[in-house]
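A short write-up of the structure that comes next.
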Amino acid sequence: MKSFAIMTMKGGTGKTTTAVSLAHGLTLSGRKVLLVDCDPQRNVAVTFGVKGEKGLDGLLMTGDVDIIQVRENFFIIDSGGRKLVEVELQLGRQERREGRLRDALKHLKGCDYVICDCPPSMNLININVLAYCDEVIVPVGMDYLSEVGARQTLEIIEEIAWITERSSIEYRILPTFFDSRTRISRTVMDDLREHFGERIFSTVIRVNTAIREAPGSNKTIYEHAPLSRGAYDYYKLTEEVLALEREG
């Protein structure tokens with residue numbers, strides 16, 4: 001089983017879209033996927049129009065959780081909304097608080113991938129995710145602040161690796177909202193290639209209105225606009241992730 005965190009300290013970079021699209025792409029490729037919403041905003045659950053009574057909040061505190069099937073081989077855990085904030089405060093007073101997610105999911109079987117959609121902040125929930133996941137995917141929008149957010153995220157990843165006594169936490173950069181017609185997109189892409197080199201996915205997620213429209217109809221991009229360039233780009237990302245599986 002392989003686990004990914006979709007994380008960056010900058011909002012509006014396409015984290016949830018990437019988490020949902022990658023997860024569904026993997027299921028369409030025959031893999032069984034669990035998508036864990038780690039954000040109190042509940043954007044994953046809202047995307048599919050569902051709600052779990054016992055979400056990530058229950059999983060972290062008592063081990064009780066509703067795992068909701070949203071598509072064939074595709075399952076999600078709701079975040080629990082505002083209850084997740086309360087859980088974080090409670091965890092802060094407990095021992096082994098950084099490893100609660102890892103302990104809760106260590107006996108998970110029959111799943112090929114676990115993907116965690118994370119909020120754009122450094123909190124105890126995200127520390128738990130970093131202690132658990134094999135690799136971090138960092139979406140970076142084509143603007144200066146997104147690039148700064150990516151650098152901040154990587155600094156935090158290094159710090160959490162030290163805190164949790166991991167030798168390192170692997171990461172990859174995913175460019176999002178790319179528009180070849182704009183100078184800023186080309187400039188940011190050049191900067192990313194210069195600073196991150198082979199850590200960048202070869203796939204670039206281009207600007208596409210269909211990607212923004214899909215959640216409004218409780219669909220993924222593959223269902224809402226399967227012939228769009230958004231669907232094509234996320235299909236390519238899925239193929240890259242599967243290639244990593246074969247290499248591993």
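Each chain in the structure tokens gets a letter, A, B and so on, in the order shown; residues start at 1 in every chain, and ligands are counted from 1 in the order they appear.
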Can you tell me which residues surround Ile77 (chain A) at a distance of at most 12 Å, considering only C-alpha atoms, apart from same-chain residues fewer than 4 positions away, and format the answer as a short mmCIF file (atom, residue, chain, number, x, y, z; two decimals) with N, CA and C atoms, in the first residue's frame?
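Saved result, around_7.cif, follows:
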data_model
loop_
_atom_site.label_atom_id
_atom_site.label_comp_id
_atom_site.auth_asym_id
_atom_site.auth_seq_id
_atom_site.Cartn_x
_atom_site.Cartn_y
_atom_site.Cartn_z
N VAL A 33 -8.74 2.67 -3.62
CA VAL A 33 -8.21 3.90 -3.03
C VAL A 33 -9.08 4.39 -1.88
N LEU A 34 -8.41 4.82 -0.81
CA LEU A 34 -9.07 5.50 0.31
C LEU A 34 -8.59 6.95 0.33
N LEU A 35 -9.53 7.89 0.23
CA LEU A 35 -9.21 9.31 0.27
C LEU A 35 -9.65 9.87 1.63
N VAL A 36 -8.71 10.40 2.39
CA VAL A 36 -8.98 10.91 3.73
C VAL A 36 -8.99 12.44 3.69
N ASP A 37 -10.13 13.02 4.04
CA ASP A 37 -10.25 14.48 4.10
C ASP A 37 -9.73 14.95 5.46
N CYS A 38 -8.64 15.70 5.46
CA CYS A 38 -8.02 16.16 6.70
C CYS A 38 -8.28 17.64 6.96
N ASP A 39 -9.18 18.22 6.20
CA ASP A 39 -9.47 19.65 6.29
C ASP A 39 -10.87 19.86 6.89
N ARG A 42 -14.15 20.26 4.79
CA ARG A 42 -14.88 19.10 4.25
C ARG A 42 -15.06 19.17 2.74
N ASN A 43 -14.09 19.69 2.01
CA ASN A 43 -14.27 19.86 0.57
C ASN A 43 -14.38 18.54 -0.18
N VAL A 44 -13.74 17.50 0.32
CA VAL A 44 -13.85 16.19 -0.35
C VAL A 44 -15.28 15.67 -0.25
N ALA A 45 -15.83 15.68 0.97
CA ALA A 45 -17.20 15.20 1.16
C ALA A 45 -18.20 16.04 0.39
N VAL A 46 -17.97 17.35 0.37
CA VAL A 46 -18.87 18.25 -0.37
C VAL A 46 -18.82 17.94 -1.86
N PHE A 48 -18.51 15.16 -3.30
CA PHE A 48 -19.31 13.97 -3.61
C PHE A 48 -20.73 14.04 -3.03
N VAL A 50 -21.73 13.91 0.15
CA VAL A 50 -21.95 12.93 1.21
C VAL A 50 -21.49 13.51 2.55
N LYS A 51 -21.86 12.80 3.64
CA LYS A 51 -21.43 13.21 4.96
C LYS A 51 -21.32 11.99 5.86
N GLY A 52 -20.19 11.87 6.54
CA GLY A 52 -20.01 10.77 7.47
C GLY A 52 -20.26 11.23 8.89
N GLU A 53 -21.03 10.48 9.64
CA GLU A 53 -21.30 10.85 11.03
C GLU A 53 -20.03 10.75 11.87
N LYS A 54 -19.23 9.74 11.60
CA LYS A 54 -17.95 9.56 12.28
C LYS A 54 -16.85 9.70 11.24
N GLY A 55 -16.15 10.80 11.28
CA GLY A 55 -15.12 11.07 10.30
C GLY A 55 -13.72 10.89 10.86
N LEU A 56 -12.80 11.70 10.34
CA LEU A 56 -11.42 11.63 10.80
C LEU A 56 -11.33 11.93 12.30
N ASP A 57 -12.24 12.77 12.77
CA ASP A 57 -12.26 13.08 14.20
C ASP A 57 -12.46 11.81 15.04
N GLY A 58 -13.40 10.96 14.63
CA GLY A 58 -13.64 9.72 15.35
C GLY A 58 -12.49 8.74 15.20
N LEU A 59 -11.91 8.68 14.01
CA LEU A 59 -10.80 7.76 13.77
C LEU A 59 -9.63 8.08 14.69
N LEU A 60 -9.32 9.36 14.85
CA LEU A 60 -8.17 9.75 15.66
C LEU A 60 -8.40 9.57 17.15
N ASP A 64 -13.27 4.76 15.77
CA ASP A 64 -14.57 4.58 15.09
C ASP A 64 -14.67 5.54 13.91
N VAL A 65 -15.04 5.02 12.75
CA VAL A 65 -15.10 5.87 11.56
C VAL A 65 -16.07 5.28 10.55
N ASP A 66 -16.73 6.16 9.81
CA ASP A 66 -17.57 5.75 8.68
C ASP A 66 -16.74 5.86 7.41
N ILE A 67 -16.50 4.73 6.77
CA ILE A 67 -15.82 4.74 5.47
C ILE A 67 -16.89 4.68 4.39
N ILE A 68 -16.95 5.73 3.59
CA ILE A 68 -18.04 5.91 2.64
C ILE A 68 -17.58 5.54 1.24
N GLN A 69 -18.29 4.65 0.59
CA GLN A 69 -17.97 4.32 -0.80
C GLN A 69 -18.65 5.32 -1.71
N VAL A 70 -17.86 5.98 -2.56
CA VAL A 70 -18.42 6.99 -3.47
C VAL A 70 -18.40 6.55 -4.93
N GLY A 81 -15.52 17.95 9.90
CA GLY A 81 -15.81 19.39 9.97
C GLY A 81 -15.21 20.05 11.20
N LEU A 105 -4.34 3.67 11.16
CA LEU A 105 -4.42 3.08 9.82
C LEU A 105 -3.42 1.94 9.59
N VAL A 114 -3.66 5.19 -0.17
CA VAL A 114 -4.33 6.11 0.74
C VAL A 114 -3.85 7.51 0.39
N ILE A 115 -4.79 8.42 0.14
CA ILE A 115 -4.45 9.80 -0.20
C ILE A 115 -5.08 10.72 0.84
N CYS A 116 -4.27 11.61 1.40
CA CYS A 116 -4.74 12.54 2.42
C CYS A 116 -4.77 13.95 1.85
N ASP A 117 -5.96 14.55 1.86
CA ASP A 117 -6.13 15.93 1.41
C ASP A 117 -6.00 16.84 2.62
#
Quick one: of A:Thr220, A:Asn126, A:Thr182, A:Thr62, who's nearest to Glu88 (chain A), counting only C-alpha atoms? A:Asn126
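Using only C-alpha atoms for every distance, the candidate list A:Val136, A:Leu237, A:Val207, A:Val129 yields A:Val207 as the residue closest to Asp179 (chain A).
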Residues near region 228-236 of chain A, anyone? I mean within 8 Å using only C-alpha atoms, not counting same-chain ones fewer than 5 positions away, as a PDB file with C-alpha atoms, in the first residue's frame.
ATOM      1  CA  THR A  18      -5.710  17.027  -7.193  1.00  0.00           C
ATOM      2  CA  SER A  21      -8.787  13.540  -9.426  1.00  0.00           C
ATOM      3  CA  LEU A  22      -5.734  11.446  -8.615  1.00  0.00           C
ATOM      4  CA  GLY A  25      -7.876   8.191 -11.716  1.00  0.00           C
ATOM      5  CA  THR A 203       2.755  16.461 -15.876  1.00  0.00           C
ATOM      6  CA  VAL A 204       1.548  20.072 -15.703  1.00  0.00           C
ATOM      7  CA  ILE A 205      -2.086  20.764 -14.751  1.00  0.00           C
ATOM      8  CA  ARG A 206      -3.300  23.481 -17.098  1.00  0.00           C
ATOM      9  CA  VAL A 207      -5.975  26.076 -16.468  1.00  0.00           C
ATOM     10  CA  ASN A 208      -9.318  24.494 -17.292  1.00  0.00           C
ATOM     11  CA  ALA A 210     -14.226  22.226 -16.416  1.00  0.00           C
ATOM     12  CA  ILE A 211     -12.076  21.390 -13.386  1.00  0.00           C
ATOM     13  CA  ILE A 221     -13.353  15.778 -13.871  1.00  0.00           C
ATOM     14  CA  TYR A 222     -13.463  12.342 -15.549  1.00  0.00           C
TER      15      TYR A 222
END
Do you know which residues are at most 6 Å from region 139-144 of chain A counting only C-alpha atoms, after dropping those on the same chain fewer than 4 positions away, and could you put them as an mmCIF file with N, CA and C atoms, in the first residue's frame?
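The resulting around-v4.cif:
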data_model
loop_
_atom_site.group_PDB
_atom_site.id
_atom_site.type_symbol
_atom_site.label_atom_id
_atom_site.label_comp_id
_atom_site.auth_asym_id
_atom_site.auth_seq_id
_atom_site.Cartn_x
_atom_site.Cartn_y
_atom_site.Cartn_z
ATOM 1 N N THR A 13 -4.406 26.323 -4.535
ATOM 2 C CA THR A 13 -3.472 25.748 -5.509
ATOM 3 C C THR A 13 -4.009 24.472 -6.153
ATOM 4 N N LEU A 174 3.961 19.503 -8.033
ATOM 5 C CA LEU A 174 2.993 19.425 -9.136
ATOM 6 C C LEU A 174 2.582 20.832 -9.559
ATOM 7 N N PRO A 175 3.002 21.296 -10.724
ATOM 8 C CA PRO A 175 2.562 22.617 -11.210
ATOM 9 C C PRO A 175 1.075 22.585 -11.569
ATOM 10 N N THR A 176 0.329 23.590 -11.094
ATOM 11 C CA THR A 176 -1.109 23.674 -11.364
ATOM 12 C C THR A 176 -1.462 25.046 -11.913
ATOM 13 N N PHE A 177 -2.632 25.133 -12.548
ATOM 14 C CA PHE A 177 -3.145 26.393 -13.104
ATOM 15 C C PHE A 177 -2.163 27.021 -14.100
ATOM 16 N N PHE A 178 -1.499 26.173 -14.865
ATOM 17 C CA PHE A 178 -0.529 26.680 -15.849
ATOM 18 C C PHE A 178 -1.250 27.220 -17.075
ATOM 19 N N SER A 185 3.158 32.479 -15.625
ATOM 20 C CA SER A 185 3.197 31.020 -15.646
ATOM 21 C C SER A 185 4.547 30.522 -16.129
ATOM 22 N N VAL A 188 7.282 31.281 -13.374
ATOM 23 C CA VAL A 188 7.219 30.389 -12.214
ATOM 24 C C VAL A 188 7.669 28.983 -12.592
#
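When only C-alpha atoms are used to measure the gap to Gly197 (chain A), the shortest distance among A:Asn73, A:Arg172, A:Leu124, A:Thr209 belongs to A:Arg172.
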Just the residues within 12 Å of Arg102 (chain A), please, counting only C-alpha atoms, with nothing from its chain fewer than 6 positions along; format it as number ranges by chain. A: 3, 59-60, 63, 96, 108, 114, 125-134, 164
Residues at most 8 Å from Ser121 (chain A), counting only C-alpha atoms, excluding those fewer than 3 positions away in the same chain, as number ranges by chain? A: 8-10, 126
I'd like to know which residues of region 2-242 of chain A are strand (DSSP E or B) (by DSSP, run on the backbone); could you write them as a VMD selection string? chain A and resid 2 to 6 33 to 37 68 to 71 74 to 77 113 to 117 135 to 141 170 to 176 178 200 206
If you count only C-alpha atoms, the residue of A:Glu213, A:Ile173, A:Tyr113, A:Arg100 closest to Ala23 (chain A) turns out to be A:Tyr113
Check the smallest atom-to-atom distance from each of A:Leu145, A:Leu192, A:Met61, A:Ile163 to Leu101 (chain A) using only C-alpha atoms, then report the winner. A:Met61
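Between Lys2 (chain A) and the candidates A:Ala225, A:Cys111, A:Ala19, A:Ala150, the tightest atom-to-atom separation, counting only C-alpha atoms, involves A:Cys111.
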Point-to-point distance from CA of Gly149 (chain A) to CA of Lys15 (chain A), Å rounded to tenths: 12.7 Å
List the spatial neighbours of Glu72 (chain A) as an MDAnalysis selection string - criterion: any atom at most 9 Å away, only C-alpha atoms, same-chain residues fewer than 4 positions off excluded. chainID A and resid 27:28 32
Kindly save the residues from that selection, with N, CA and C atoms included, as a compact mmCIF listing (two decimals), in the first residue's frame.
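Okay, part.txt is ready:
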# COMPACT_ATOMS: atom_id res chain seq x y z
N THR A 27 -8.47 4.66 -9.22
CA THR A 27 -9.52 3.64 -9.18
C THR A 27 -9.93 3.23 -10.59
N LEU A 28 -9.95 4.18 -11.51
CA LEU A 28 -10.28 3.85 -12.89
C LEU A 28 -9.21 2.98 -13.53
N LYS A 32 -7.60 0.15 -5.69
CA LYS A 32 -8.55 0.46 -4.62
C LYS A 32 -7.97 1.60 -3.79
